[in-house]
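my_file_5.cif (mmCIF, C-alpha atoms and all ligand atoms)
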```cif
data_my_file
#
loop_
_atom_site.group_PDB
_atom_site.id
_atom_site.type_symbol
_atom_site.label_atom_id
_atom_site.label_comp_id
_atom_site.auth_asym_id
_atom_site.auth_seq_id
_atom_site.Cartn_x
_atom_site.Cartn_y
_atom_site.Cartn_z
ATOM 1 C CA MET A 1 -6.545 -2.243 10.772
ATOM 2 C CA THR A 2 -5.081 -3.131 7.366
ATOM 3 C CA VAL A 3 -7.322 -3.395 4.279
ATOM 4 C CA ARG A 4 -6.936 -7.157 4.450
ATOM 5 C CA GLU A 5 -7.981 -7.280 8.115
ATOM 6 C CA GLU A 6 -11.000 -5.070 7.430
ATOM 7 C CA ILE A 7 -12.022 -7.310 4.525
ATOM 8 C CA GLU A 8 -11.698 -10.426 6.697
ATOM 9 C CA GLN A 9 -13.825 -8.862 9.418
ATOM 10 C CA LEU A 10 -16.524 -7.677 7.000
ATOM 11 C CA LYS A 11 -16.619 -11.076 5.290
ATOM 12 C CA LYS A 12 -17.569 -12.613 8.632
ATOM 13 C CA GLU A 13 -20.071 -9.890 9.521
ATOM 14 C CA LYS A 14 -21.772 -10.026 6.103
ATOM 15 C CA ASN A 15 -21.446 -13.785 5.568
ATOM 16 C CA ALA A 16 -19.501 -13.145 2.360
ATOM 17 C CA VAL A 17 -17.080 -15.125 0.211
ATOM 18 C CA ILE A 18 -14.559 -13.869 -2.375
ATOM 19 C CA LEU A 19 -14.167 -15.534 -5.791
ATOM 20 C CA ALA A 20 -11.383 -14.459 -8.159
ATOM 21 C CA HIS A 21 -10.264 -15.277 -11.689
ATOM 22 C CA TYR A 22 -6.554 -15.950 -12.358
ATOM 23 C CA TYR A 23 -6.322 -12.732 -14.395
ATOM 24 C CA VAL A 24 -6.891 -10.364 -11.460
ATOM 25 C CA ARG A 25 -3.988 -8.679 -9.667
ATOM 26 C CA PRO A 26 -1.873 -10.864 -7.330
ATOM 27 C CA GLU A 27 -2.926 -8.788 -4.308
ATOM 28 C CA VAL A 28 -6.566 -9.589 -5.154
ATOM 29 C CA GLN A 29 -5.862 -13.297 -5.739
ATOM 30 C CA GLU A 30 -4.278 -13.330 -2.261
ATOM 31 C CA LEU A 31 -7.567 -12.232 -0.726
ATOM 32 C CA ALA A 32 -9.736 -14.782 -2.532
ATOM 33 C CA ASP A 33 -11.360 -17.819 -0.937
ATOM 34 C CA TYR A 34 -11.598 -19.486 -4.347
ATOM 35 C CA ILE A 35 -9.362 -18.757 -7.372
ATOM 36 C CA GLY A 36 -9.772 -20.440 -10.725
ATOM 37 C CA ASP A 37 -10.733 -20.399 -14.370
ATOM 38 C CA SER A 38 -14.223 -19.563 -15.610
ATOM 39 C CA PHE A 39 -15.492 -23.152 -15.428
ATOM 40 C CA TYR A 40 -14.219 -23.770 -11.915
ATOM 41 C CA LEU A 41 -15.666 -20.475 -10.673
ATOM 42 C CA SER A 42 -19.085 -21.130 -12.222
ATOM 43 C CA LYS A 43 -19.192 -24.554 -10.542
ATOM 44 C CA VAL A 44 -17.981 -23.204 -7.200
ATOM 45 C CA ALA A 45 -20.548 -20.393 -7.241
ATOM 46 C CA VAL A 46 -23.301 -23.006 -7.058
ATOM 47 C CA GLY A 47 -23.762 -24.385 -3.582
ATOM 48 C CA LEU A 48 -21.731 -21.894 -1.574
ATOM 49 C CA GLY A 49 -22.967 -21.529 2.008
ATOM 50 C CA GLU A 50 -22.357 -17.763 2.215
ATOM 51 C CA GLN A 51 -25.119 -15.277 1.398
ATOM 52 C CA THR A 52 -22.914 -12.756 -0.434
ATOM 53 C CA ILE A 53 -20.502 -13.479 -3.289
ATOM 54 C CA VAL A 54 -17.886 -10.832 -4.102
ATOM 55 C CA PHE A 55 -16.847 -11.670 -7.649
ATOM 56 C CA CYS A 56 -13.377 -10.435 -8.613
ATOM 57 C CA GLY A 57 -13.677 -10.704 -12.372
ATOM 58 C CA VAL A 58 -15.496 -9.082 -15.267
ATOM 59 C CA SER A 59 -19.235 -8.533 -15.576
ATOM 60 C CA PHE A 60 -20.177 -11.761 -17.394
ATOM 61 C CA MET A 61 -18.715 -13.713 -14.452
ATOM 62 C CA GLY A 62 -20.796 -11.878 -11.859
ATOM 63 C CA GLU A 63 -23.840 -12.182 -14.096
ATOM 64 C CA SER A 64 -23.366 -15.949 -14.425
ATOM 65 C CA ALA A 65 -23.012 -16.300 -10.646
ATOM 66 C CA LYS A 66 -26.264 -14.348 -10.175
ATOM 67 C CA ILE A 67 -28.102 -16.299 -12.898
ATOM 68 C CA LEU A 68 -27.226 -19.554 -11.160
ATOM 69 C CA ASN A 69 -27.801 -18.234 -7.617
ATOM 70 C CA PRO A 70 -30.727 -15.818 -7.678
ATOM 71 C CA GLU A 71 -31.171 -15.913 -3.918
ATOM 72 C CA LYS A 72 -27.617 -14.662 -3.325
ATOM 73 C CA THR A 73 -26.234 -11.149 -3.332
ATOM 74 C CA VAL A 74 -23.480 -10.861 -5.952
ATOM 75 C CA LEU A 75 -21.225 -7.815 -5.651
ATOM 76 C CA MET A 76 -18.744 -6.605 -8.289
ATOM 77 C CA PRO A 77 -15.765 -4.646 -6.858
ATOM 78 C CA ASP A 78 -15.703 -2.583 -10.072
ATOM 79 C CA ALA A 79 -18.944 -2.363 -12.059
ATOM 80 C CA ALA A 80 -17.052 -1.113 -15.130
ATOM 81 C CA ALA A 81 -14.856 -4.230 -15.411
ATOM 82 C CA ASP A 82 -16.235 -5.759 -18.582
ATOM 83 C CA CYS A 83 -15.096 -8.191 -21.275
ATOM 84 C CA ALA A 84 -15.071 -6.666 -24.772
ATOM 85 C CA MET A 85 -15.600 -10.060 -26.384
ATOM 86 C CA ALA A 86 -18.764 -10.709 -24.355
ATOM 87 C CA HIS A 87 -20.594 -8.232 -26.638
ATOM 88 C CA MET A 88 -19.238 -9.446 -29.983
ATOM 89 C CA ALA A 89 -22.299 -11.326 -31.261
ATOM 90 C CA ASP A 90 -25.944 -10.428 -31.746
ATOM 91 C CA ALA A 91 -29.383 -11.982 -31.411
ATOM 92 C CA GLU A 92 -30.401 -11.114 -34.991
ATOM 93 C CA THR A 93 -27.515 -13.142 -36.475
ATOM 94 C CA ILE A 94 -28.446 -16.062 -34.214
ATOM 95 C CA ARG A 95 -32.015 -15.862 -35.508
ATOM 96 C CA GLN A 96 -30.800 -15.840 -39.136
ATOM 97 C CA MET A 97 -28.523 -18.832 -38.525
ATOM 98 C CA ARG A 98 -31.366 -20.784 -36.973
ATOM 99 C CA GLU A 99 -33.397 -20.162 -40.134
ATOM 100 C CA ARG A 100 -30.531 -21.104 -42.430
ATOM 101 C CA TYR A 101 -29.403 -24.326 -40.743
ATOM 102 C CA GLU A 102 -31.579 -27.176 -39.655
ATOM 103 C CA ASP A 103 -30.378 -28.987 -36.605
ATOM 104 C CA LEU A 104 -28.379 -25.974 -35.375
ATOM 105 C CA ALA A 105 -26.953 -25.764 -31.859
ATOM 106 C CA VAL A 106 -25.994 -22.259 -30.761
ATOM 107 C CA VAL A 107 -22.990 -22.776 -28.507
ATOM 108 C CA CYS A 108 -22.191 -19.749 -26.398
ATOM 109 C CA TYR A 109 -18.830 -19.180 -24.737
ATOM 110 C CA ILE A 110 -19.457 -18.139 -21.135
ATOM 111 C CA ASN A 111 -17.595 -14.906 -22.024
ATOM 112 C CA SER A 112 -20.871 -13.403 -23.247
ATOM 113 C CA THR A 113 -23.684 -11.181 -22.030
ATOM 114 C CA ALA A 114 -26.782 -12.717 -20.399
ATOM 115 C CA GLU A 115 -28.704 -11.463 -23.436
ATOM 116 C CA LEU A 116 -26.586 -13.649 -25.763
ATOM 117 C CA LYS A 117 -26.874 -16.632 -23.423
ATOM 118 C CA ARG A 118 -30.644 -16.285 -23.476
ATOM 119 C CA HIS A 119 -30.648 -16.975 -27.231
ATOM 120 C CA SER A 120 -28.257 -19.924 -27.016
ATOM 121 C CA ASP A 121 -28.687 -23.653 -26.523
ATOM 122 C CA VAL A 122 -25.706 -24.346 -24.317
ATOM 123 C CA CYS A 123 -22.828 -22.466 -22.709
ATOM 124 C CA VAL A 124 -19.230 -23.616 -22.672
ATOM 125 C CA THR A 125 -15.941 -22.440 -21.203
ATOM 126 C CA SER A 126 -12.471 -22.964 -22.620
ATOM 127 C CA ALA A 127 -12.101 -25.916 -20.211
ATOM 128 C CA ASN A 128 -15.135 -27.910 -21.362
ATOM 129 C CA ALA A 129 -15.983 -26.673 -24.900
ATOM 130 C CA VAL A 130 -14.523 -29.678 -26.745
ATOM 131 C CA ASN A 131 -16.317 -32.259 -24.607
ATOM 132 C CA ILE A 132 -19.632 -30.419 -24.661
ATOM 133 C CA VAL A 133 -19.653 -29.808 -28.426
ATOM 134 C CA ARG A 134 -18.707 -33.442 -28.998
ATOM 135 C CA ALA A 135 -21.601 -34.588 -26.782
ATOM 136 C CA LEU A 136 -24.242 -32.489 -28.591
ATOM 137 C CA PRO A 137 -26.597 -34.413 -30.884
ATOM 138 C CA ASN A 138 -26.537 -31.549 -33.440
ATOM 139 C CA ARG A 139 -24.191 -31.586 -36.416
ATOM 140 C CA ASN A 140 -24.334 -27.847 -37.178
ATOM 141 C CA ILE A 141 -22.726 -25.618 -34.556
ATOM 142 C CA PHE A 142 -22.923 -21.813 -34.471
ATOM 143 C CA PHE A 143 -20.230 -20.906 -31.983
ATOM 144 C CA ILE A 144 -20.398 -17.415 -30.422
ATOM 145 C CA PRO A 145 -18.727 -15.026 -29.740
ATOM 146 C CA ASP A 146 -15.094 -16.242 -30.019
ATOM 147 C CA ARG A 147 -13.902 -17.315 -33.458
ATOM 148 C CA HIS A 148 -10.512 -18.497 -32.157
ATOM 149 C CA LEU A 149 -11.954 -20.835 -29.541
ATOM 150 C CA ALA A 150 -14.401 -21.999 -32.214
ATOM 151 C CA HIS A 151 -11.506 -22.834 -34.575
ATOM 152 C CA TYR A 152 -9.757 -24.765 -31.841
ATOM 153 C CA VAL A 153 -12.886 -26.772 -30.955
ATOM 154 C CA ALA A 154 -13.633 -27.420 -34.633
ATOM 155 C CA GLY A 155 -10.154 -28.924 -35.008
ATOM 156 C CA GLN A 156 -10.842 -31.275 -32.099
ATOM 157 C CA VAL A 157 -14.354 -32.236 -33.214
ATOM 158 C CA PRO A 158 -14.039 -32.618 -37.015
ATOM 159 C CA GLU A 159 -17.323 -34.508 -37.332
ATOM 160 C CA LYS A 160 -19.281 -31.263 -36.723
ATOM 161 C CA ASN A 161 -19.963 -28.436 -39.163
ATOM 162 C CA PHE A 162 -18.975 -25.103 -37.618
ATOM 163 C CA VAL A 163 -20.388 -21.700 -38.459
ATOM 164 C CA TYR A 164 -18.064 -18.990 -37.173
ATOM 165 C CA ASN A 165 -18.815 -15.667 -35.580
ATOM 166 C CA ASP A 166 -16.417 -12.737 -35.768
ATOM 167 C CA GLY A 167 -15.719 -12.125 -32.055
ATOM 168 C CA PHE A 168 -12.306 -12.327 -30.416
ATOM 169 C CA CYS A 169 -10.484 -11.401 -27.230
ATOM 170 C CA PRO A 170 -8.467 -8.213 -27.861
ATOM 171 C CA ILE A 171 -5.923 -9.246 -25.222
ATOM 172 C CA HIS A 172 -5.147 -12.716 -26.591
ATOM 173 C CA ALA A 173 -5.164 -11.211 -30.103
ATOM 174 C CA GLN A 174 -2.000 -9.285 -29.142
ATOM 175 C CA ILE A 175 -0.032 -12.519 -28.683
ATOM 176 C CA ARG A 176 2.074 -12.903 -31.848
ATOM 177 C CA SER A 177 3.783 -15.900 -33.356
ATOM 178 C CA ASP A 178 6.920 -13.930 -34.334
ATOM 179 C CA GLU A 179 7.424 -12.922 -30.688
ATOM 180 C CA ILE A 180 7.009 -16.548 -29.611
ATOM 181 C CA ARG A 181 9.526 -17.614 -32.236
ATOM 182 C CA ARG A 182 12.089 -15.122 -30.892
ATOM 183 C CA LYS A 183 11.559 -16.372 -27.324
ATOM 184 C CA LYS A 184 11.994 -19.957 -28.514
ATOM 185 C CA GLU A 185 15.292 -19.040 -30.174
ATOM 186 C CA ALA A 186 16.520 -17.552 -26.903
ATOM 187 C CA HIS A 187 15.262 -20.544 -24.834
ATOM 188 C CA PRO A 188 15.350 -23.654 -27.041
ATOM 189 C CA GLN A 189 14.032 -26.005 -24.319
ATOM 190 C CA VAL A 190 10.733 -24.173 -23.740
ATOM 191 C CA LEU A 191 7.277 -25.607 -24.203
ATOM 192 C CA VAL A 192 4.606 -23.290 -25.599
ATOM 193 C CA LEU A 193 1.352 -23.336 -23.592
ATOM 194 C CA VAL A 194 -1.543 -21.665 -25.376
ATOM 195 C CA HIS A 195 -5.009 -20.496 -24.365
ATOM 196 C CA PRO A 196 -7.537 -21.271 -27.132
ATOM 197 C CA GLU A 197 -8.547 -17.584 -27.321
ATOM 198 C CA CYS A 198 -5.209 -16.996 -29.098
ATOM 199 C CA PRO A 199 -5.058 -16.430 -32.883
ATOM 200 C CA ASP A 200 -4.618 -19.487 -35.122
ATOM 201 C CA THR A 201 -0.966 -18.624 -35.919
ATOM 202 C CA VAL A 202 -0.205 -18.908 -32.184
ATOM 203 C CA ALA A 203 -2.385 -22.007 -31.741
ATOM 204 C CA ALA A 204 -0.292 -23.692 -34.446
ATOM 205 C CA MET A 205 2.821 -23.348 -32.255
ATOM 206 C CA ALA A 206 1.289 -24.918 -29.148
ATOM 207 C CA ASP A 207 2.807 -27.848 -27.297
ATOM 208 C CA TYR A 208 -0.297 -27.728 -25.118
ATOM 209 C CA THR A 209 -3.625 -25.896 -25.515
ATOM 210 C CA GLY A 210 -6.045 -25.374 -22.645
ATOM 211 C CA SER A 211 -7.864 -23.037 -20.288
ATOM 212 C CA THR A 212 -5.975 -21.057 -17.661
ATOM 213 C CA SER A 213 -6.399 -23.933 -15.178
ATOM 214 C CA GLY A 214 -5.321 -26.370 -17.872
ATOM 215 C CA ILE A 215 -2.157 -24.356 -18.558
ATOM 216 C CA ILE A 216 -1.308 -24.117 -14.862
ATOM 217 C CA GLY A 217 -1.966 -27.835 -14.318
ATOM 218 C CA PHE A 218 0.118 -28.799 -17.363
ATOM 219 C CA ALA A 219 3.085 -26.679 -16.252
ATOM 220 C CA GLU A 220 2.895 -28.141 -12.750
ATOM 221 C CA LYS A 221 2.902 -31.761 -13.904
ATOM 222 C CA SER A 222 5.351 -31.388 -16.797
ATOM 223 C CA SER A 223 8.947 -32.523 -16.422
ATOM 224 C CA ALA A 224 9.954 -29.495 -18.552
ATOM 225 C CA LYS A 225 11.445 -26.529 -16.723
ATOM 226 C CA GLU A 226 10.711 -23.580 -19.024
ATOM 227 C CA PHE A 227 7.489 -22.447 -20.649
ATOM 228 C CA ILE A 228 6.196 -19.656 -22.846
ATOM 229 C CA ILE A 229 2.775 -18.791 -21.477
ATOM 230 C CA CYS A 230 0.336 -17.566 -24.109
ATOM 231 C CA THR A 231 -2.444 -16.092 -22.048
ATOM 232 C CA GLU A 232 -3.078 -13.128 -19.759
ATOM 233 C CA VAL A 233 -0.153 -12.394 -17.449
ATOM 234 C CA GLY A 234 -2.218 -12.780 -14.235
ATOM 235 C CA VAL A 235 -1.665 -16.564 -14.328
ATOM 236 C CA GLU A 236 2.005 -15.965 -13.484
ATOM 237 C CA TYR A 237 1.130 -15.552 -9.801
ATOM 238 C CA GLU A 238 -0.378 -19.053 -9.480
ATOM 239 C CA LEU A 239 2.318 -20.575 -11.723
ATOM 240 C CA MET A 240 5.077 -19.164 -9.496
ATOM 241 C CA LYS A 241 3.249 -20.266 -6.364
ATOM 242 C CA ARG A 242 2.906 -23.840 -7.586
ATOM 243 C CA CYS A 243 6.205 -24.177 -9.454
ATOM 244 C CA PRO A 244 8.763 -21.737 -7.985
ATOM 245 C CA GLU A 245 11.635 -23.747 -9.509
ATOM 246 C CA LYS A 246 10.343 -23.379 -13.100
ATOM 247 C CA ARG A 247 10.722 -20.447 -15.525
ATOM 248 C CA PHE A 248 7.771 -18.773 -17.223
ATOM 249 C CA TYR A 249 8.103 -16.354 -20.129
ATOM 250 C CA PHE A 250 5.503 -14.111 -21.712
ATOM 251 C CA THR A 251 5.726 -12.471 -25.119
ATOM 252 C CA GLU A 252 7.392 -9.038 -25.380
ATOM 253 C CA THR A 253 3.956 -7.491 -25.821
ATOM 254 C CA VAL A 254 2.744 -8.678 -22.437
ATOM 255 C CA PRO A 255 -0.963 -9.595 -22.566
ATOM 256 C CA VAL A 256 -2.710 -7.569 -19.870
ATOM 257 C CA CYS A 257 -6.496 -7.426 -19.482
ATOM 258 C CA GLN A 258 -6.998 -3.925 -18.104
ATOM 259 C CA ASP A 259 -10.575 -4.730 -17.159
ATOM 260 C CA MET A 260 -9.465 -7.542 -14.855
ATOM 261 C CA LYS A 261 -6.834 -5.214 -13.377
ATOM 262 C CA ARG A 262 -9.478 -2.671 -12.378
ATOM 263 C CA ILE A 263 -10.185 -4.744 -9.301
ATOM 264 C CA THR A 264 -8.230 -3.769 -6.214
ATOM 265 C CA PRO A 265 -8.368 -4.715 -2.509
ATOM 266 C CA GLU A 266 -9.707 -1.225 -1.744
ATOM 267 C CA LYS A 267 -12.651 -1.755 -4.133
ATOM 268 C CA ILE A 268 -13.425 -5.125 -2.544
ATOM 269 C CA LEU A 269 -13.479 -3.427 0.843
ATOM 270 C CA HIS A 270 -15.726 -0.664 -0.495
ATOM 271 C CA VAL A 271 -18.413 -2.987 -1.868
ATOM 272 C CA LEU A 272 -18.340 -5.107 1.280
ATOM 273 C CA LYS A 273 -18.916 -1.944 3.350
ATOM 274 C CA THR A 274 -21.556 -0.348 1.151
ATOM 275 C CA GLY A 275 -23.230 -3.189 -0.784
ATOM 276 C CA GLU A 276 -22.698 -1.145 -3.967
ATOM 277 C CA ASN A 277 -22.428 -2.700 -7.451
ATOM 278 C CA GLU A 278 -24.868 -5.491 -6.759
ATOM 279 C CA VAL A 279 -25.677 -7.564 -9.870
ATOM 280 C CA ILE A 280 -29.394 -7.116 -10.604
ATOM 281 C CA LEU A 281 -30.988 -9.010 -13.479
ATOM 282 C CA ASP A 282 -34.425 -8.886 -14.988
ATOM 283 C CA GLU A 283 -36.209 -12.098 -13.920
ATOM 284 C CA GLY A 284 -37.194 -13.082 -17.475
ATOM 285 C CA LEU A 285 -33.624 -12.625 -18.705
ATOM 286 C CA ARG A 286 -32.295 -14.506 -15.707
ATOM 287 C CA THR A 287 -34.449 -17.599 -16.155
ATOM 288 C CA GLU A 288 -33.897 -17.771 -19.911
ATOM 289 C CA SER A 289 -30.118 -17.365 -19.630
ATOM 290 C CA LYS A 290 -29.995 -19.947 -16.841
ATOM 291 C CA ARG A 291 -30.999 -22.805 -19.155
ATOM 292 C CA PRO A 292 -27.791 -22.913 -21.277
ATOM 293 C CA LEU A 293 -25.623 -22.429 -18.187
ATOM 294 C CA GLU A 294 -27.304 -25.311 -16.385
ATOM 295 C CA ARG A 295 -26.959 -27.454 -19.466
ATOM 296 C CA MET A 296 -23.235 -26.696 -19.441
ATOM 297 C CA LEU A 297 -22.929 -27.729 -15.804
ATOM 298 C CA ALA A 298 -24.856 -30.934 -16.529
ATOM 299 C CA LEU A 299 -22.764 -31.820 -19.616
ATOM 300 C CA GLY A 300 -19.426 -30.397 -18.487
HETATM 301 P P1 LIG B 1 -10.727 -19.375 -18.826
HETATM 302 O O1 LIG B 1 -11.033 -18.854 -17.477
HETATM 303 O O2 LIG B 1 -11.769 -20.334 -19.288
HETATM 304 O O3 LIG B 1 -9.348 -19.916 -18.963
HETATM 305 O O4 LIG B 1 -10.876 -18.141 -19.851
HETATM 306 C C1 LIG B 1 -10.053 -17.085 -19.865
HETATM 307 C C2 LIG B 1 -10.727 -15.776 -19.994
HETATM 308 O O5 LIG B 1 -10.539 -15.053 -20.911
HETATM 309 C C3 LIG B 1 -11.616 -15.351 -18.961
HETATM 310 O O6 LIG B 1 -12.018 -14.098 -19.239
HETATM 311 FE FE1 LIG B 2 -12.478 -10.776 -21.962
HETATM 312 FE FE2 LIG B 2 -10.098 -11.216 -23.034
HETATM 313 FE FE3 LIG B 2 -10.256 -9.862 -20.732
HETATM 314 FE FE4 LIG B 2 -10.816 -12.524 -20.808
HETATM 315 S S1 LIG B 2 -8.832 -11.528 -21.212
HETATM 316 S S2 LIG B 2 -11.979 -10.904 -19.776
HETATM 317 S S3 LIG B 2 -11.746 -12.688 -22.824
HETATM 318 S S4 LIG B 2 -11.068 -9.200 -22.736
#
```

Can you turn what I pasted into C-alpha cells?
Ligand code: 13P
Ligand code: SF4
Amino acid sequence: MTVREEIEQLKKEKNAVILAHYYVRPEVQELADYIGDSFYLSKVAVGLGEQTIVFCGVSFMGESAKILNPEKTVLMPDAAADCAMAHMADAETIRQMRERYEDLAVVCYINSTAELKRHSDVCVTSANAVNIVRALPNRNIFFIPDRHLAHYVAGQVPEKNFVYNDGFCPIHAQIRSDEIRRKKEAHPQVLVLVHPECPDTVAAMADYTGSTSGIIGFAEKSSAKEFIICTEVGVEYELMKRCPEKRFYFTETVPVCQDMKRITPEKILHVLKTGENEVILDEGLRTESKRPLERMLALG
C-alpha cells in the first residue's frame, strides 16, 4: 500500500479528518480534507463530525482546534512545528498596558500561544482583524504579537488608538521592497499581492493586501495575468491549481516557513497509527483561552 492509501484507510478506521494550512508542502495539501487560511481552518474545526483532527500546521493552530473542540482528539504530525511569532508578547506587558490605558482591548492575533490568548479580550486572524477591531467598542487597542499586522489594521481603522507590540513573523520579514521593485521592472504588468504580516515598506507597494485566502481569491478573480506574491511560498500550489494560466512570482529570497515544512505524509501516517503528539491542554488554560477565540468567531 502507498502512504496515501494507508492514510486513507486509517482515517476511516480512526474516524479522522485532515486539516492543512496553505503553507504546508504540496504533498501534504494533497492529502487534506480541508485546506485554508487560519480563519477558515478555525471555523471548519468547529462542528466536524470526525472524532480525530490531524492538524497539518504549527502548534498554535492545533491548540486553537483543541481549545474550541475539547471533546476531540487533535494530533500534530510534528510536535516541534511552531510559530516563532506566537511567543513574541508577554502577560506582564499586557497587565501594564491594562493599567496604563482605560478602555483597553487586548487584540490577539491567532498566531499566539494559548497563554497569550488567555490574557486577551478577542482573537483575530489576518482575514478578519480589520472588521473585528472596527466593531469593538473600545478606542484603545493593544495589538499582540504582530506589529506589522497591527500597522495594517491601524491604517484601515484610523478612529482607534493603537499601542504596538514588537512581534513579527521572521519569514514575512525577509520579503524586501528592493527585490519587489526589481521583479516589477522585469514584469511591468504585475500586481503586488501582500500578506499583512509583511514589513511596512512592502505593504506600501501593495495593489492588494489580505490573508492567504484573500490573496488566492484576488488572484483568481483578477483580470490581471501576472502577480508578485508576498507571502509564504506554499500558497503557490493552490494558486497554480486554481489559475494554471496565470504567472506567479516570489521574491529572490523565497519566503519559506521551515516549521510548516516539517510536516510530511509519513508523519501524518505515523500519528494516525500511534496517536502520538496529541494536543493536551490544562483545563483552566483551555477555558480561559476559549473566550477570545469564541468572541472572534461570533464577531468575524
Ligand atoms: P493566514 O492564514 O491568516 O493568512 O496567516 C498566515 C500565517 O502566517 C499563518 O501562520
Ligand atoms: Fe509563524 Fe510566520 Fe511561519 Fe506563519 S509563516 S507560522 S507567522 S513563522

- Please identify all polymer residues lying at most 12 Å from the point (2.2, -28.5, -15.0) (file coordinates), using only C-alpha atoms, and present the result as an MDAnalysis selection string. chainID A and resid 191 193 208 210 212:227 229 238:248

- Could you give me, as a list in words, the residues within 12 Å of A:Asn15, counting only C-alpha atoms and dropping anything in the same chain fewer than 6 positions from it?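 My list of contacting residues is Ile7, Glu8, Gln9, Leu48, Gly49, Glu50, Gln51, Thr52, Ile53, Val54, Lys72, Thr73 and Leu272 of chain A.
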
As lines of an AutoDock Vina configuration file: centre and edge lengths in Å, one decimal, of the axis-aligned box holding ligand LIG 2 (chain B) with 3 Å per side:
```
center_x = -10.7
center_y = -10.9
center_z = -21.4
size_x = 9.6
size_y = 9.5
size_z = 9.3
```

- Would you mind telling me which residue in A:His119, A:Arg134, A:Lys160, A:Arg286 lies nearest to A:Leu299 when using all atoms listed in the file?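 Ranked by minimum distance to A:Leu299, first place goes to A:Arg134.
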
- Item | Expected selection as an MDAnalysis selection string for ligand LIG 2 (chain B) within 9 Å, only C-alpha atoms and all ligand atoms | chainID A and resid 23 57:60 81:86 111:112 146 168:173 197 231:232 255:260

- May I ask for the distance between atom CA of A:Phe162 and atom CA of A:His21, given in Å to one decimal place? 29.1 Å

- Message: With all atoms listed in the file as the counted atoms, please give the residues lying no more than 7 Å from stretch 97-109 of chain A, apart from itself and same-chain residues fewer than 6 positions off, as JSON, numbers by chain.
- Response: {"A": [117, 120, 121, 122, 123, 124, 125, 138, 139, 140, 141, 142, 143, 144, 145]}

Pull the closest atom pair for each residue of chain A that gets at most 6 Å from ligand LIG 1 (chain B), along with the distance in Å to one decimal, counting all atoms listed in the file, ordering rows by chain and then ascending residue number, as a tab-separated table.
```
residue	atom	partner	partner_atom	distance
A:Asp37	CA	B:LIG1	O1	3.5
A:Ser38	CA	B:LIG1	O1	3.8
A:Thr125	CA	B:LIG1	O2	5.1
A:Ser126	CA	B:LIG1	O2	4.3
A:Ala127	CA	B:LIG1	O2	5.7
A:Ser211	CA	B:LIG1	O3	3.7
A:Thr212	CA	B:LIG1	O3	3.8
```

I need the residues from that last selection saved to file as a compact mmCIF listing (two decimals), in the coordinates of the input (with C-alpha atoms), if you can.
```txt
# COMPACT_ATOMS: atom_id res chain seq x y z
CA ASP A 37 -10.73 -20.40 -14.37
CA SER A 38 -14.22 -19.56 -15.61
CA THR A 125 -15.94 -22.44 -21.20
CA SER A 126 -12.47 -22.96 -22.62
CA ALA A 127 -12.10 -25.92 -20.21
CA SER A 211 -7.86 -23.04 -20.29
CA THR A 212 -5.98 -21.06 -17.66
```

- Task: Within 12 Å of (-3.3, -21.8, -32.5) (coordinates as in the file), grab all the protein and nucleic acid residues, counting all atoms listed in the file, and write them out as a PyMOL selection string.
- Result: chain A and resi 147-155+172-173+175-177+180+192-210+230-231

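The nearest approach to A:Pro26 among the residues A:Val271, A:Pro70, A:Glu115, A:Cys56, with only C-alpha atoms taken into account, belongs to A:Cys56.
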
- Which distance in Å separates atom CA of A:Val190 and atom CA of A:Leu41, to one decimal?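 Calculated distance between atom CA of A:Val190 and atom CA of A:Leu41 is 29.7 Å.
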
- Which residues, written as a PyMOL selection string, have at least one atom at most 7 Å from A:Ser289, with all atoms listed in the file counted and residues fewer than 4 positions away on the same chain left out? chain A and resi 114+117-118+285+293

- Note on the structure: Residue with the minimum atom-to-atom distance to A:Tyr237, picked from A:Glu5, A:Glu27, A:Glu294, A:Glu92 with all atoms listed in the file counted, is A:Glu27

- Item | Nearest to A:Ala79 by atom-to-atom distance, counting only C-alpha atoms, from A:Ile94, A:Ile280, A:Ala32, A:Ile110 |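 Ranking A:Ile94, A:Ile280, A:Ala32, A:Ile110 by distance to A:Ala79, first place goes to A:Ile280.
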
- Task: Check the smallest atom-to-atom distance from each of A:Arg4, A:Leu10, A:Lys66, A:Phe55 to A:Leu281 using all atoms listed in the file, then report the winner.
- Result: A:Lys66

- Query: What separation in Å, quoted to one decimal, exists between atom CA of A:Glu159 and atom CA of A:Ile132?
  - Reply: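 Result for atom CA of A:Glu159 versus atom CA of A:Ile132: 13.5 Å, one decimal.
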
- Query: Applied to the shown file, which residues does the PyMOL selection byres (((chain A and resi 276) around 12) and not hetatm) return, written as a count of residues only?
  - Reply: 21

- Message: My list of candidates is A:Thr93, A:Thr253, A:Gln189, A:Asn128. Which is closest to A:Arg295 when distances are computed with all atoms listed in the file?
- Response: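 Closest to A:Arg295, using all atoms listed in the file: A:Asn128.
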